[in-house]
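Colleague: Following this line is target_7.cif, made up of mmCIF, C-alpha atoms:
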data_query
#
loop_
_atom_site.label_atom_id
_atom_site.label_comp_id
_atom_site.auth_asym_id
_atom_site.auth_seq_id
_atom_site.Cartn_x
_atom_site.Cartn_y
_atom_site.Cartn_z
CA MET A 289 5.96 -41.40 5.80
CA LYS A 290 6.45 -42.41 2.17
CA THR A 291 9.25 -40.47 0.48
CA PRO A 292 9.05 -39.92 -3.31
CA SER A 293 11.78 -41.57 -5.39
CA PRO A 294 14.64 -39.32 -6.60
CA LYS A 295 13.48 -39.34 -10.24
CA HIS A 296 10.07 -37.99 -9.20
CA VAL A 297 11.31 -35.05 -7.14
CA VAL A 298 13.08 -32.88 -9.72
CA VAL A 299 10.00 -31.13 -11.17
CA PRO A 300 8.33 -30.61 -7.76
CA LEU A 301 11.57 -29.16 -6.40
CA LEU A 302 11.82 -26.76 -9.33
CA VAL A 303 8.19 -25.69 -8.90
CA VAL A 304 8.52 -25.05 -5.18
CA MET A 305 11.88 -23.30 -5.55
CA SER A 306 10.39 -20.99 -8.18
CA LEU A 307 7.70 -20.04 -5.66
CA MET A 308 10.40 -19.37 -3.07
CA PHE A 309 12.13 -17.09 -5.58
CA ILE A 310 9.07 -14.98 -6.24
CA TRP A 311 7.83 -14.63 -2.66
CA ASN A 312 11.32 -13.71 -1.40
CA LEU A 313 11.62 -11.09 -4.13
CA SER A 314 8.24 -9.67 -3.12
CA ARG A 315 8.96 -9.80 0.60
CA ASN A 316 12.25 -7.95 0.30
CA ILE A 317 10.76 -5.07 -1.64
CA ASN A 318 9.39 -4.17 1.80
CA ASP A 319 12.88 -3.08 2.81
CA VAL A 320 12.79 -0.20 0.34
CA LEU A 321 9.05 0.30 0.79
CA ILE A 322 9.74 1.41 4.38
CA PRO A 323 11.78 4.54 3.54
CA HIS A 324 9.47 5.22 0.60
CA LEU A 325 6.28 5.19 2.69
CA LYS A 326 8.06 7.08 5.46
CA ARG A 327 8.47 9.91 2.97
CA ALA A 328 5.15 9.54 1.10
CA CYS A 329 3.04 9.25 4.26
CA GLN A 330 5.22 11.46 6.51
CA LEU A 331 6.02 8.81 9.15
CA THR A 332 8.42 8.36 12.08
CA ASP A 333 10.88 5.44 12.28
CA PHE A 334 8.46 3.58 14.55
CA GLN A 335 5.47 4.19 12.27
CA SER A 336 7.34 3.20 9.12
CA SER A 337 8.51 -0.05 10.77
CA LEU A 338 4.85 -1.09 11.06
CA VAL A 339 5.22 -2.19 7.43
CA GLN A 340 7.05 -5.24 8.78
CA SER A 341 4.58 -5.64 11.66
CA ALA A 342 1.63 -5.81 9.28
CA PHE A 343 3.49 -8.18 7.00
CA PHE A 344 4.98 -10.62 9.49
CA GLY A 345 2.00 -10.34 11.82
CA GLY A 346 0.09 -12.19 9.12
CA TYR A 347 2.42 -15.16 9.55
CA PHE A 348 1.79 -15.23 13.29
CA LEU A 349 -1.99 -15.05 13.11
CA LEU A 350 -2.45 -17.47 10.23
CA ALA A 351 0.34 -20.04 10.40
CA LEU A 352 -1.47 -22.57 12.60
CA PRO A 353 -4.85 -22.27 10.80
CA VAL A 354 -2.99 -22.59 7.49
CA GLY A 355 -1.30 -25.72 8.82
CA GLN A 356 -4.73 -27.21 9.53
CA PHE A 357 -5.89 -26.25 6.03
CA ILE A 358 -2.89 -28.00 4.49
CA ARG A 359 -3.40 -31.11 6.62
CA ARG A 360 -6.91 -31.36 5.23
CA PHE A 361 -6.45 -30.31 1.60
CA GLY A 362 -2.76 -30.95 0.90
CA TYR A 363 0.34 -29.05 -0.12
CA ARG A 364 -0.74 -28.24 -3.68
CA ALA A 365 -4.02 -26.66 -2.60
CA GLY A 366 -2.09 -24.60 -0.08
CA MET A 367 0.27 -23.28 -2.75
CA ILE A 368 -2.57 -22.29 -5.09
CA THR A 369 -4.52 -20.60 -2.29
CA GLY A 370 -1.40 -18.74 -1.21
CA LEU A 371 -0.67 -17.36 -4.67
CA LEU A 372 -4.22 -16.12 -5.25
CA THR A 373 -4.38 -14.56 -1.78
CA ALA A 374 -1.06 -12.77 -2.33
CA ALA A 375 -2.37 -11.48 -5.67
CA THR A 376 -5.39 -9.98 -3.89
CA GLY A 377 -3.15 -8.16 -1.41
CA ALA A 378 -0.89 -6.81 -4.15
CA MET A 379 -3.90 -5.41 -6.05
CA LEU A 380 -4.91 -3.40 -2.97
CA PHE A 381 -1.84 -1.23 -3.46
CA PHE A 382 -3.73 0.57 -6.24
CA PRO A 383 -6.45 2.09 -3.99
CA ALA A 384 -3.88 2.58 -1.22
CA ALA A 385 -1.74 4.69 -3.55
CA GLU A 386 -4.74 6.67 -4.76
CA THR A 387 -5.83 7.57 -1.23
CA ARG A 388 -2.33 7.71 0.36
CA PHE A 389 -4.01 6.06 3.37
CA TYR A 390 -1.30 4.31 5.38
CA PRO A 391 -3.61 1.76 7.12
CA LEU A 392 -4.73 0.57 3.67
CA PHE A 393 -1.09 -0.03 2.70
CA LEU A 394 -0.72 -2.07 5.89
CA THR A 395 -3.90 -4.03 5.09
CA ALA A 396 -2.58 -4.85 1.62
CA LEU A 397 0.69 -6.07 3.12
CA PHE A 398 -1.16 -8.19 5.69
CA ILE A 399 -3.18 -9.93 2.96
CA MET A 400 -0.04 -10.52 0.90
CA ALA A 401 1.58 -12.02 4.00
CA ALA A 402 -1.43 -14.29 4.44
CA GLY A 403 -0.77 -15.66 0.97
CA PHE A 404 2.93 -16.07 1.66
CA THR A 405 2.06 -17.93 4.86
CA PHE A 406 0.37 -20.61 2.75
CA LEU A 407 3.45 -20.78 0.52
CA GLU A 408 5.93 -20.90 3.37
CA VAL A 409 4.04 -23.47 5.44
CA THR A 410 3.81 -25.72 2.38
CA ALA A 411 7.16 -25.19 0.69
CA THR A 412 9.64 -25.72 3.51
CA PRO A 413 8.37 -29.08 4.86
CA TYR A 414 7.57 -30.24 1.33
CA ILE A 415 11.18 -29.75 0.22
CA ALA A 416 12.50 -31.30 3.44
CA ARG A 417 10.52 -34.47 2.73
CA LEU A 418 11.22 -34.74 -0.99
CA GLY A 419 14.11 -37.16 -0.71
CA ASP A 420 16.59 -38.55 1.80
CA PRO A 421 15.88 -37.15 5.32
CA GLU A 422 19.62 -36.85 5.98
CA GLY A 423 19.91 -34.40 3.09
CA ALA A 424 17.06 -32.17 4.27
CA SER A 425 19.31 -29.34 5.53
CA SER A 426 21.26 -29.39 2.27
CA ARG A 427 18.10 -29.36 0.11
CA LEU A 428 16.61 -26.56 2.17
CA SER A 429 19.83 -24.58 1.92
CA LEU A 430 19.82 -24.98 -1.87
CA ALA A 431 16.15 -23.98 -2.08
CA SER A 432 16.83 -21.06 0.25
CA ALA A 433 19.66 -20.03 -2.07
CA VAL A 434 17.17 -19.82 -4.94
CA GLY A 435 14.92 -17.77 -2.68
CA SER A 436 17.90 -15.58 -1.85
CA ILE A 437 18.33 -14.73 -5.52
CA GLY A 438 14.85 -13.24 -5.35
CA ALA A 439 15.66 -11.62 -2.01
CA THR A 440 18.78 -10.06 -3.55
CA LEU A 441 16.90 -8.74 -6.57
CA GLY A 442 13.92 -7.49 -4.53
CA PRO A 443 15.57 -4.43 -2.93
CA PHE A 444 17.39 -3.56 -6.16
CA ILE A 445 14.22 -3.75 -8.28
CA GLY A 446 12.19 -1.98 -5.61
CA ALA A 447 14.74 0.83 -5.41
CA GLN A 448 14.46 1.46 -9.16
CA PHE A 449 10.71 2.04 -8.79
CA LEU A 450 10.40 3.55 -5.32
CA LEU A 451 13.60 5.46 -4.51
CA HIS A 452 15.30 8.34 -6.27
CA ALA A 453 18.82 8.60 -7.61
CA THR A 454 18.91 12.11 -6.14
CA ASP A 455 17.01 12.75 -2.91
CA VAL A 456 14.82 15.83 -2.51
CA PRO A 457 16.35 17.53 0.56
CA THR A 458 14.12 17.87 3.61
CA SER A 459 14.86 21.59 3.63
CA VAL A 460 13.35 21.89 0.14
CA VAL A 461 10.25 19.85 1.05
CA GLN A 462 9.69 22.07 4.09
CA GLN A 463 9.47 25.10 1.79
CA PHE A 464 6.68 23.61 -0.34
CA THR A 465 3.29 25.28 -0.23
CA PRO A 466 0.44 23.05 1.04
CA THR A 467 -0.66 22.39 -2.54
CA GLU A 468 2.87 21.61 -3.70
CA LEU A 469 3.39 19.28 -0.73
CA THR A 470 0.13 17.43 -1.43
CA ASN A 471 1.04 16.97 -5.08
CA TYR A 472 4.56 15.84 -4.19
CA LEU A 473 3.37 13.26 -1.67
CA TYR A 474 0.66 12.01 -4.05
CA SER A 475 3.23 11.52 -6.83
CA GLU A 476 5.45 9.61 -4.40
CA ALA A 477 2.58 7.29 -3.44
CA GLN A 478 1.86 6.52 -7.11
CA LEU A 479 5.26 4.88 -7.51
CA VAL A 480 4.06 1.66 -5.84
CA LYS A 481 1.49 0.88 -8.52
CA ILE A 482 3.67 -0.61 -11.25
CA PRO A 483 5.71 -3.04 -9.10
CA TYR A 484 2.80 -4.31 -7.01
CA LEU A 485 0.27 -4.64 -9.82
CA SER A 486 2.94 -6.54 -11.77
CA LEU A 487 3.32 -8.88 -8.81
CA ALA A 488 -0.46 -9.36 -8.67
CA VAL A 489 -0.48 -10.50 -12.30
CA LEU A 490 2.48 -12.83 -11.73
CA PHE A 491 0.91 -14.45 -8.65
CA THR A 492 -2.35 -15.01 -10.51
CA VAL A 493 -0.64 -16.62 -13.51
CA LEU A 494 1.41 -18.93 -11.27
CA GLY A 495 -1.69 -19.93 -9.31
CA ILE A 496 -3.49 -20.88 -12.51
CA LEU A 497 -0.49 -22.85 -13.79
CA LEU A 498 -0.36 -24.90 -10.59
CA PHE A 499 -3.86 -26.22 -11.36
CA PHE A 500 -2.32 -28.10 -14.28
CA ILE A 501 0.86 -29.37 -12.58
CA THR A 502 0.85 -32.71 -10.74
CA LEU A 503 2.86 -32.78 -7.50
CA PRO A 504 3.63 -35.91 -5.43
CA THR A 505 1.39 -36.31 -2.40
CA ILE A 506 3.28 -36.56 0.88
CA LYS A 507 1.28 -37.71 3.86
CA GLU A 508 2.51 -38.42 7.37
CA GLU A 509 1.12 -41.56 8.98
CA GLY A 510 -1.50 -40.84 11.61
CA GLU A 511 -1.62 -37.10 10.92
CA ASP A 512 -5.40 -36.97 10.59
CA SER A 513 -5.91 -37.76 14.28
CA LEU A 514 -3.65 -35.02 15.64
CA ARG A 515 -4.74 -32.17 17.86
CA LEU A 516 -3.47 -28.68 17.10
CA TRP A 517 -1.75 -27.95 20.41
CA SER A 518 -0.11 -31.35 20.75
CA ILE A 519 3.00 -29.96 19.05
CA PHE A 520 3.96 -28.21 22.30
CA GLN A 521 5.08 -31.50 23.78
CA PHE A 522 8.26 -31.26 21.69
CA ARG A 523 10.81 -29.15 23.56
CA HIS A 524 13.26 -28.82 20.67
CA THR A 525 10.47 -27.60 18.40
CA VAL A 526 9.20 -24.94 20.80
CA LEU A 527 12.70 -23.66 21.54
CA GLY A 528 13.49 -23.79 17.83
CA ALA A 529 10.44 -21.67 17.08
CA LEU A 530 11.81 -19.07 19.49
CA GLY A 531 15.13 -19.35 17.66
CA VAL A 532 13.41 -18.55 14.35
CA PHE A 533 11.65 -15.63 16.09
CA CYS A 534 15.04 -14.22 17.11
CA TYR A 535 16.83 -14.97 13.83
CA LEU A 536 14.18 -13.46 11.58
CA GLY A 537 13.42 -10.57 13.91
CA ALA A 538 17.10 -9.62 13.87
CA GLU A 539 17.42 -10.00 10.10
CA VAL A 540 14.28 -8.04 9.28
CA GLY A 541 15.25 -5.37 11.81
CA ILE A 542 18.74 -4.97 10.37
CA VAL A 543 17.62 -4.85 6.74
CA SER A 544 14.64 -2.58 7.49
CA PHE A 545 16.91 0.10 8.95
CA LEU A 546 19.94 -0.45 6.72
CA ILE A 547 19.09 2.47 4.41
CA ARG A 548 18.22 4.70 7.36
CA TYR A 549 21.44 3.68 9.13
CA ALA A 550 23.59 4.31 6.04
CA LYS A 551 22.08 7.78 5.67
CA SER A 552 22.71 8.52 9.37
CA LEU A 553 26.44 7.88 8.87
CA GLN A 554 26.54 10.88 6.50
CA LEU A 555 28.59 9.07 3.89
CA PRO A 556 29.51 11.30 0.92
CA ASN A 557 27.16 11.39 -2.10
CA LEU A 558 24.90 8.65 -0.73
CA SER A 559 21.30 8.88 -1.94
CA GLU A 560 18.55 6.53 -0.76
CA GLN A 561 18.79 4.64 -4.04
CA LYS A 562 22.52 4.11 -3.56
CA ALA A 563 22.00 3.19 0.10
CA ALA A 564 19.63 0.44 -1.03
CA LEU A 565 22.65 -1.26 -2.60
CA PHE A 566 23.77 -2.20 0.91
CA ILE A 567 20.57 -4.26 1.20
CA THR A 568 21.42 -5.86 -2.13
CA LEU A 569 24.91 -6.64 -0.78
CA TYR A 570 23.39 -8.13 2.37
CA MET A 571 21.09 -10.37 0.34
CA ALA A 572 23.84 -11.30 -2.12
CA LEU A 573 25.92 -12.55 0.81
CA VAL A 574 22.89 -14.50 2.05
CA LEU A 575 22.73 -16.10 -1.39
CA ALA A 576 26.45 -16.91 -1.36
CA GLY A 577 26.18 -18.41 2.11
CA ARG A 578 23.24 -20.61 1.15
CA LEU A 579 24.93 -21.87 -1.98
CA ALA A 580 27.97 -22.77 0.11
CA GLY A 581 25.69 -24.22 2.78
CA ALA A 582 24.07 -26.61 0.30
CA TYR A 583 27.51 -28.25 0.03
CA LEU A 584 28.98 -27.70 3.50
CA LEU A 585 25.95 -28.79 5.53
CA ARG A 586 26.42 -32.31 4.20
CA ARG A 587 29.81 -32.34 5.93
CA ILE A 588 29.44 -30.09 8.98
CA PRO A 589 27.01 -30.91 11.82
CA PRO A 590 24.13 -28.40 11.53
CA ALA A 591 24.21 -27.36 15.19
CA ARG A 592 27.92 -26.58 15.01
CA ALA A 593 27.42 -24.51 11.85
CA LEU A 594 24.57 -22.63 13.54
CA ALA A 595 26.78 -21.80 16.54
CA VAL A 596 29.57 -20.43 14.33
CA CYS A 597 27.09 -18.31 12.37
CA ALA A 598 25.51 -16.88 15.53
CA ILE A 599 28.91 -15.89 16.93
CA GLY A 600 29.89 -14.28 13.61
CA ALA A 601 26.66 -12.27 13.41
CA PHE A 602 27.07 -11.12 17.02
CA LEU A 603 30.64 -9.89 16.40
CA LEU A 604 29.73 -8.08 13.17
CA VAL A 605 26.82 -6.17 14.71
CA MET A 606 29.04 -5.20 17.65
CA THR A 607 31.68 -3.99 15.19
CA SER A 608 29.10 -1.89 13.38
CA MET A 609 27.88 -0.28 16.60
CA LEU A 610 31.41 0.58 17.75
CA THR A 611 32.67 2.04 14.45
CA THR A 612 31.66 4.72 11.95
CA GLY A 613 31.80 5.35 8.22
CA PHE A 614 32.09 2.62 5.64
CA VAL A 615 33.50 0.11 8.16
CA SER A 616 30.28 0.37 10.16
CA ILE A 617 27.89 -0.07 7.25
CA TYR A 618 29.89 -2.84 5.59
CA ALA A 619 30.14 -4.77 8.87
CA LEU A 620 26.36 -4.66 9.13
CA SER A 621 25.94 -5.75 5.51
CA VAL A 622 28.25 -8.76 5.97
CA VAL A 623 25.92 -10.08 8.70
CA GLY A 624 23.96 -11.55 5.77
CA LEU A 625 26.70 -14.12 5.25
CA CYS A 626 26.35 -15.33 8.85
CA THR A 627 22.56 -15.46 8.83
CA SER A 628 22.36 -17.18 5.45
CA VAL A 629 21.97 -20.75 6.71
CA MET A 630 20.32 -20.00 10.04
CA TYR A 631 16.77 -20.60 8.86
CA PRO A 632 17.29 -23.94 7.07
CA ILE A 633 19.29 -25.22 10.05
CA LEU A 634 16.78 -23.99 12.62
CA PHE A 635 13.91 -25.46 10.63
CA THR A 636 15.60 -28.82 10.21
CA LEU A 637 16.63 -29.13 13.87
CA SER A 638 13.23 -27.93 15.09
CA THR A 639 11.17 -30.36 12.99
CA LYS A 640 13.45 -33.37 13.30
CA ASP A 641 11.73 -36.64 14.29
CA LEU A 642 8.25 -35.07 14.48
CA GLY A 643 6.68 -37.74 12.25
CA ALA A 644 2.94 -37.17 12.07
CA TYR A 645 3.40 -33.81 13.79
CA THR A 646 5.54 -32.41 10.96
CA LYS A 647 2.94 -30.15 9.32
CA THR A 648 1.79 -28.76 12.67
CA GLY A 649 5.40 -28.27 13.74
CA SER A 650 6.11 -26.46 10.48
CA SER A 651 3.16 -24.17 11.17
CA LEU A 652 4.57 -23.32 14.60
CA ILE A 653 7.95 -22.50 13.06
CA ILE A 654 6.32 -20.30 10.42
CA MET A 655 4.19 -18.69 13.14
CA SER A 656 7.37 -17.64 14.91
CA ILE A 657 8.25 -15.48 11.91
CA VAL A 658 6.25 -12.91 13.90
CA GLY A 659 9.69 -11.90 15.15
CA GLY A 660 9.85 -9.87 11.95
CA ALA A 661 6.75 -7.99 13.13
CA ILE A 662 7.97 -7.29 16.67
CA VAL A 663 11.70 -6.60 16.47
CA PRO A 664 11.64 -3.78 13.84
CA PRO A 665 9.11 -1.62 15.76
CA LEU A 666 11.14 -2.18 18.92
CA MET A 667 14.24 -1.03 17.05
CA GLY A 668 12.27 1.90 15.61
CA TRP A 669 11.14 2.95 19.09
CA ILE A 670 14.72 2.80 20.39
CA SER A 671 15.94 4.70 17.31
CA ASP A 672 13.38 7.50 17.79
CA GLY A 673 14.22 7.86 21.48
CA PHE A 674 17.89 6.97 21.85
CA GLY A 675 19.50 6.92 18.40
CA ILE A 676 19.73 4.38 15.64
CA LYS A 677 23.05 2.84 16.73
CA LEU A 678 21.61 1.73 20.06
CA ALA A 679 18.68 0.12 18.21
CA PHE A 680 21.06 -2.56 16.94
CA SER A 681 21.51 -3.90 20.46
CA VAL A 682 18.26 -5.81 19.86
CA PRO A 683 19.74 -8.07 17.14
CA ILE A 684 22.69 -8.74 19.44
CA VAL A 685 20.35 -10.22 22.06
CA CYS A 686 18.66 -12.27 19.34
CA TYR A 687 21.93 -13.82 18.18
CA ILE A 688 22.84 -14.75 21.75
CA TYR A 689 19.67 -16.85 21.94
CA VAL A 690 20.39 -18.50 18.57
CA LEU A 691 23.78 -19.48 19.97
CA TYR A 692 22.06 -21.02 23.01
CA TYR A 693 19.80 -23.09 20.76
CA ALA A 694 22.80 -24.29 18.75
CA ARG A 695 24.52 -25.42 21.94
CA LYS A 696 21.67 -26.83 24.06
CA GLY A 697 18.18 -26.08 22.79
CA TYR A 698 18.22 -28.35 19.73
CA ILE A 699 18.56 -31.56 21.81
CA ILE A 700 15.44 -33.63 21.23
CA SER A 701 13.07 -34.28 24.09
CA LEU A 702 9.77 -36.02 23.49
CA ALA A 703 8.54 -35.56 27.04
CA PRO A 704 5.51 -33.24 27.16
CA LEU A 705 5.28 -30.03 29.13
CA ASN A 706 4.09 -30.77 32.67
CA PRO A 707 1.05 -28.50 33.15
CA LEU A 708 1.39 -28.66 36.96
CA LYS A 709 5.10 -27.93 37.27
CA GLY A 710 5.51 -25.94 34.06
CA THR A 711 8.69 -27.79 33.11
CA TRP A 712 9.91 -30.25 30.52
CA THR A 713 11.29 -33.64 31.43
CA GLN A 714 14.48 -33.87 29.40
CA LEU A 715 15.28 -37.17 27.77
CA LYS A 716 18.85 -38.40 27.62
CA PRO A 717 20.47 -36.72 24.59
CA SER A 718 22.02 -38.66 21.77
CA THR A 719 25.58 -39.76 22.39
CA LYS A 720 26.44 -38.53 18.88
CA SER A 721 26.16 -34.84 19.68
CA PRO A 722 27.37 -32.59 16.87
CA LEU A 723 29.06 -30.42 19.44
#
Hey, can you dump this file as C-alpha cells for me?
Modeller:
Amino acid sequence: MKTPSPKHVVVPLLVVMSLMFIWNLSRNINDVLIPHLKRACQLTDFQSSLVQSAFFGGYFLLALPVGQFIRRFGYRAGMITGLLTAATGAMLFFPAAETRFYPLFLTALFIMAAGFTFLEVTATPYIARLGDPEGASSRLSLASAVGSIGATLGPFIGAQFLLHATDVPTSVVQQFTPTELTNYLYSEAQLVKIPYLSLAVLFTVLGILLFFITLPTIKEEGEDSLRLWSIFQFRHTVLGALGVFCYLGAEVGIVSFLIRYAKSLQLPNLSEQKAALFITLYMALVLAGRLAGAYLLRRIPPARALAVCAIGAFLLVMTSMLTTGFVSIYALSVVGLCTSVMYPILFTLSTKDLGAYTKTGSSLIIMSIVGGAIVPPLMGWISDGFGIKLAFSVPIVCYIYVLYYARKGYIISLAPLNPLKGTWTQLKPSTKSPL
C-alpha cells in the first residue's frame, strides 16, 4: 500500500473530519428523537427504541455491499454517494411529519443510515491509512474527537427543536378531547421538519462540493482479486467486529434511554429538555476522552487502554444501577469518558495487518454497528417488563466482552476458520504483547 506523504494529507484529513462532524451530529439527534416520537406517535419504550434499530440496521445490511462499491469506485465516490443518500433520507421527514406515520419515520432513518454507512466505511480506513501506520490509533482518536464535537452538539440542538422546556403532564394529555389530542400530536410531529430539512440541504451542498475537491487515491495491493467472505479467515477481525457490536450497542442503549432514565429517578424540576443535557454531558466526556486519547494512545499500548476503559465503564454502570438520584444519573453520564476511545482502538486492532483485505475488513467492522439496532430494543423490552434499572444489565455484559477482547481477542491469527472443525488455528502471538 502506498501511503500519501505528510504534506498531502492535511486537506483530506480536514475534509473527512468535517464529514465525521456532521454525520455524528445527525446521528445523535436520534437520542432526543426517541422521546419525541414516543410522545408524538404514542409509543412504548420498545417501540420507540426501534428508531435505533431502523438506523443501525442500515449499517448491518449495507456495510459489506458498500465495501464492494468502494473497492470498485474508490473512497471519494463513496463519500459523495453517502452524502446524497443521507440527504434523501432527511427529506423524507417532511411527509413522515405530515402523516405522523411511524413506519415512514423509520424508513427515513434507514435511508439516512444507508448514506452514513458509505461515509463511515470510507472515512475510518481512509484516515487510518493517511500517514504513518503506527499513528493510526492516534489519528483516528483525533478524528473521532472532531466527530464527538458533533455528537455533543447533536442532542443539545435536537432538544431545542424537539423537546420542551416545560413538559405537558400526562394527566393533562389524558384529558384532551379526541380533536385536541389529534391536533396536539400533529403539532408535535411538525417539530422534526426544520432540523431534518436543514440537514438535507447541508448534505446536498457537501456532496456537490466534494465533486470539486481532489483527494489522494489509496489502493491496497491485490485488492481487486479478493472475495467478499475471505475476511472471515482473520480471527482478530471477526472477534473485533463482535467487540464493536458490544461497544456500540451498549453506548447507543445507554444514551437512548438516558432521558427516560433521568425522568424515572424523579429528580426535582427536571423536564425532558433539561434531561437531554445529560446526553450532552455524556458526549462532552466522549469528546474530552478522544482529545486526550489522541495524545495518550501514542504512549499507551492500545489493548491496555481498552482494558482499562472497559473496566471503568463496567464499574460506572454498576454504580448507576445500585444508586439513586443524581449519583445514579451522573455515574451513567460519565460512562462516556470510558467509551470515548473504544471505537478507534477496536477498529485499529481489528484491521491491523489486513493488507489487501482492509476495505472488506472495514466493512465488517461497520456492519457490526448493528449492535446499535439490537441492544436498545432488548433494553426497551426489559424496561417495559422489569423496570428501566434492570435494562442496564445489558451494557454490563457488553463491557465484559470488550474486556475479553482487550486481553485475548485482539491477538492476530491469520489461520482461516476450519469449516470441518469450526475452530481457528491460533498462531503464536507476538512476544511484544501490550499486556
Colleague: Can you measure CA of Ser552 in chain A to CA of Leu397 in chain A for me? One decimal in Å is fine.
Modeller: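 Result for CA of Ser552 in chain A versus CA of Leu397 in chain A: 27.1 Å, one decimal.
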Colleague: Of the candidates A:Leu603, A:Leu634, A:Leu575, A:Ile670, which shows the shortest atom-to-atom distance to Ser436 in chain A, using all atoms listed in the file?
Modeller: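 Using all atoms listed in the file, the shortest distance to Ser436 in chain A belongs to A:Leu575.
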Colleague: Report as number ranges by chain the residues that result from applying the PyMOL selection byres ((chain A and resi 487-502) around 9) to the structure here.
Modeller: A: 300, 303, 307, 310, 314, 364-365, 367-379, 482-486, 503-504
Colleague: Neighbours of Ala679 in chain A within 10 Å (only C-alpha atoms; same-chain residues fewer than 5 positions away dropped), as a list in words?
Modeller: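 Final neighbour list, sorted by chain and number: Gly541, Ile542, Phe545, Met609, Val663, Pro664, Leu666, Met667, Gly668, Trp669, Ile670, Ser671, Asp672, Gly673, Phe674 and Ile684 of chain A.
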Colleague: Tell me which of A:Val304, A:Ala402, A:Leu546, A:Leu573 sits closest to Pro353 in chain A, counting all atoms listed in the file.
Modeller: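 Nearest candidate to Pro353 in chain A out of A:Val304, A:Ala402, A:Leu546, A:Leu573: A:Ala402.
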Colleague: List every residue of range 294-406 of chain A that has an atom at most 9 Å from any atom of range 645-660 of chain A, and for each one report the closest atom pair and its distance in Å to one decimal, counting all atoms listed in the file, with rows sorted by chain and then by increasing residue number, as a tab-separated table.
Modeller:
residue	atom	partner	partner_atom	distance
A:Gln340	CA	A:Gly660	CA	6.3
A:Ser341	CA	A:Gly660	CA	6.8
A:Phe343	CA	A:Gly660	CA	8.2
A:Phe344	CA	A:Val658	CA	5.1
A:Gly345	CA	A:Val658	CA	5.4
A:Gly346	CA	A:Val658	CA	7.8
A:Tyr347	CA	A:Met655	CA	5.3
A:Phe348	CA	A:Met655	CA	4.2
A:Leu349	CA	A:Met655	CA	7.2
A:Leu350	CA	A:Met655	CA	7.4
A:Ala351	CA	A:Met655	CA	4.9
A:Leu352	CA	A:Ser651	CA	5.1
A:Pro353	CA	A:Ser651	CA	8.2
A:Val354	CA	A:Ser651	CA	7.3
A:Gly355	CA	A:Ser651	CA	5.3
A:Gln356	CA	A:Thr648	CA	7.4
A:Ile358	CA	A:Lys647	CA	7.9
A:Arg359	CA	A:Lys647	CA	7.0
A:Thr405	CA	A:Ile654	CA	7.4
Colleague: Kindly indicate which residue among A:Gly600, A:Tyr535, A:Phe309, A:Val320 lies nearest to Val685 in chain A, using only C-alpha atoms for the distances.
Modeller: A:Tyr535
Colleague: To test your reading of the syntax: which residues would the PyMOL selection byres ((chain A and resi 547) around 8) return for the file shown? Reply as a short mmCIF file (atom, residue, chain, number, x, y, z; two decimals) with C-alpha atoms, in the coordinates of the input.
Modeller:
data_model
loop_
_atom_site.label_atom_id
_atom_site.label_comp_id
_atom_site.auth_asym_id
_atom_site.auth_seq_id
_atom_site.Cartn_x
_atom_site.Cartn_y
_atom_site.Cartn_z
CA VAL A 320 12.79 -0.20 0.34
CA PRO A 323 11.78 4.54 3.54
CA VAL A 543 17.62 -4.85 6.74
CA SER A 544 14.64 -2.58 7.49
CA PHE A 545 16.91 0.10 8.95
CA LEU A 546 19.94 -0.45 6.72
CA ARG A 548 18.22 4.70 7.36
CA TYR A 549 21.44 3.68 9.13
CA ALA A 550 23.59 4.31 6.04
CA LYS A 551 22.08 7.78 5.67
CA GLU A 560 18.55 6.53 -0.76
CA ALA A 563 22.00 3.19 0.10
CA ALA A 564 19.63 0.44 -1.03
CA PHE A 566 23.77 -2.20 0.91
CA ILE A 567 20.57 -4.26 1.20
#
Colleague: Carefully work through the PyMOL selection byres ((chain A and resi 528) around 10) for this structure and note down the residues it includes, as a list in words.
Modeller: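 For this structure, the PyMOL selection byres ((chain A and resi 528) around 10) resolves to Phe522, Arg523, His524, Thr525, Val526, Leu527, Ala529, Leu530, Gly531, Val532, Phe533, Cys534, Ile633, Leu634, Phe635, Thr636, Leu637, Ser638, Thr639, Leu652, Ile653, Ser656, Val690, Tyr693, Ala694, Gly697 and Tyr698 of chain A.
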Colleague: Could the centre and edge lengths of an axis-aligned box, enclosing all atoms of range 539-552 of chain A in the file with 4 Å extra on each side, be given in Å to one decimal as JSON?
Modeller:
{"center_x": 18.9, "center_y": -0.7, "center_z": 8.1, "size_x": 17.3, "size_y": 26.5, "size_z": 15.4}
Colleague: Kindly indicate which residue among A:Ala572, A:Ala598, A:Cys329, A:Leu430 lies nearest to Tyr472 in chain A, using only C-alpha atoms for the distances.
Modeller: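 So, comparing all the options, the nearest one is A:Cys329.
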Colleague: Nearest to Gly577 in chain A: which of A:Cys597, A:Ala591, A:Leu536, A:Ile699 is it, counting only C-alpha atoms?
Modeller: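 Looking only at the distances to Gly577 in chain A, the closest residue turns out to be A:Cys597.
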Colleague: Report the distance between CA of Ala411 in chain A and CA of Phe602 in chain A in Å, rounded to one decimal place.
Modeller: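 Atom-to-atom, CA of Ala411 in chain A to CA of Phe602 in chain A, that is 29.3 Å.
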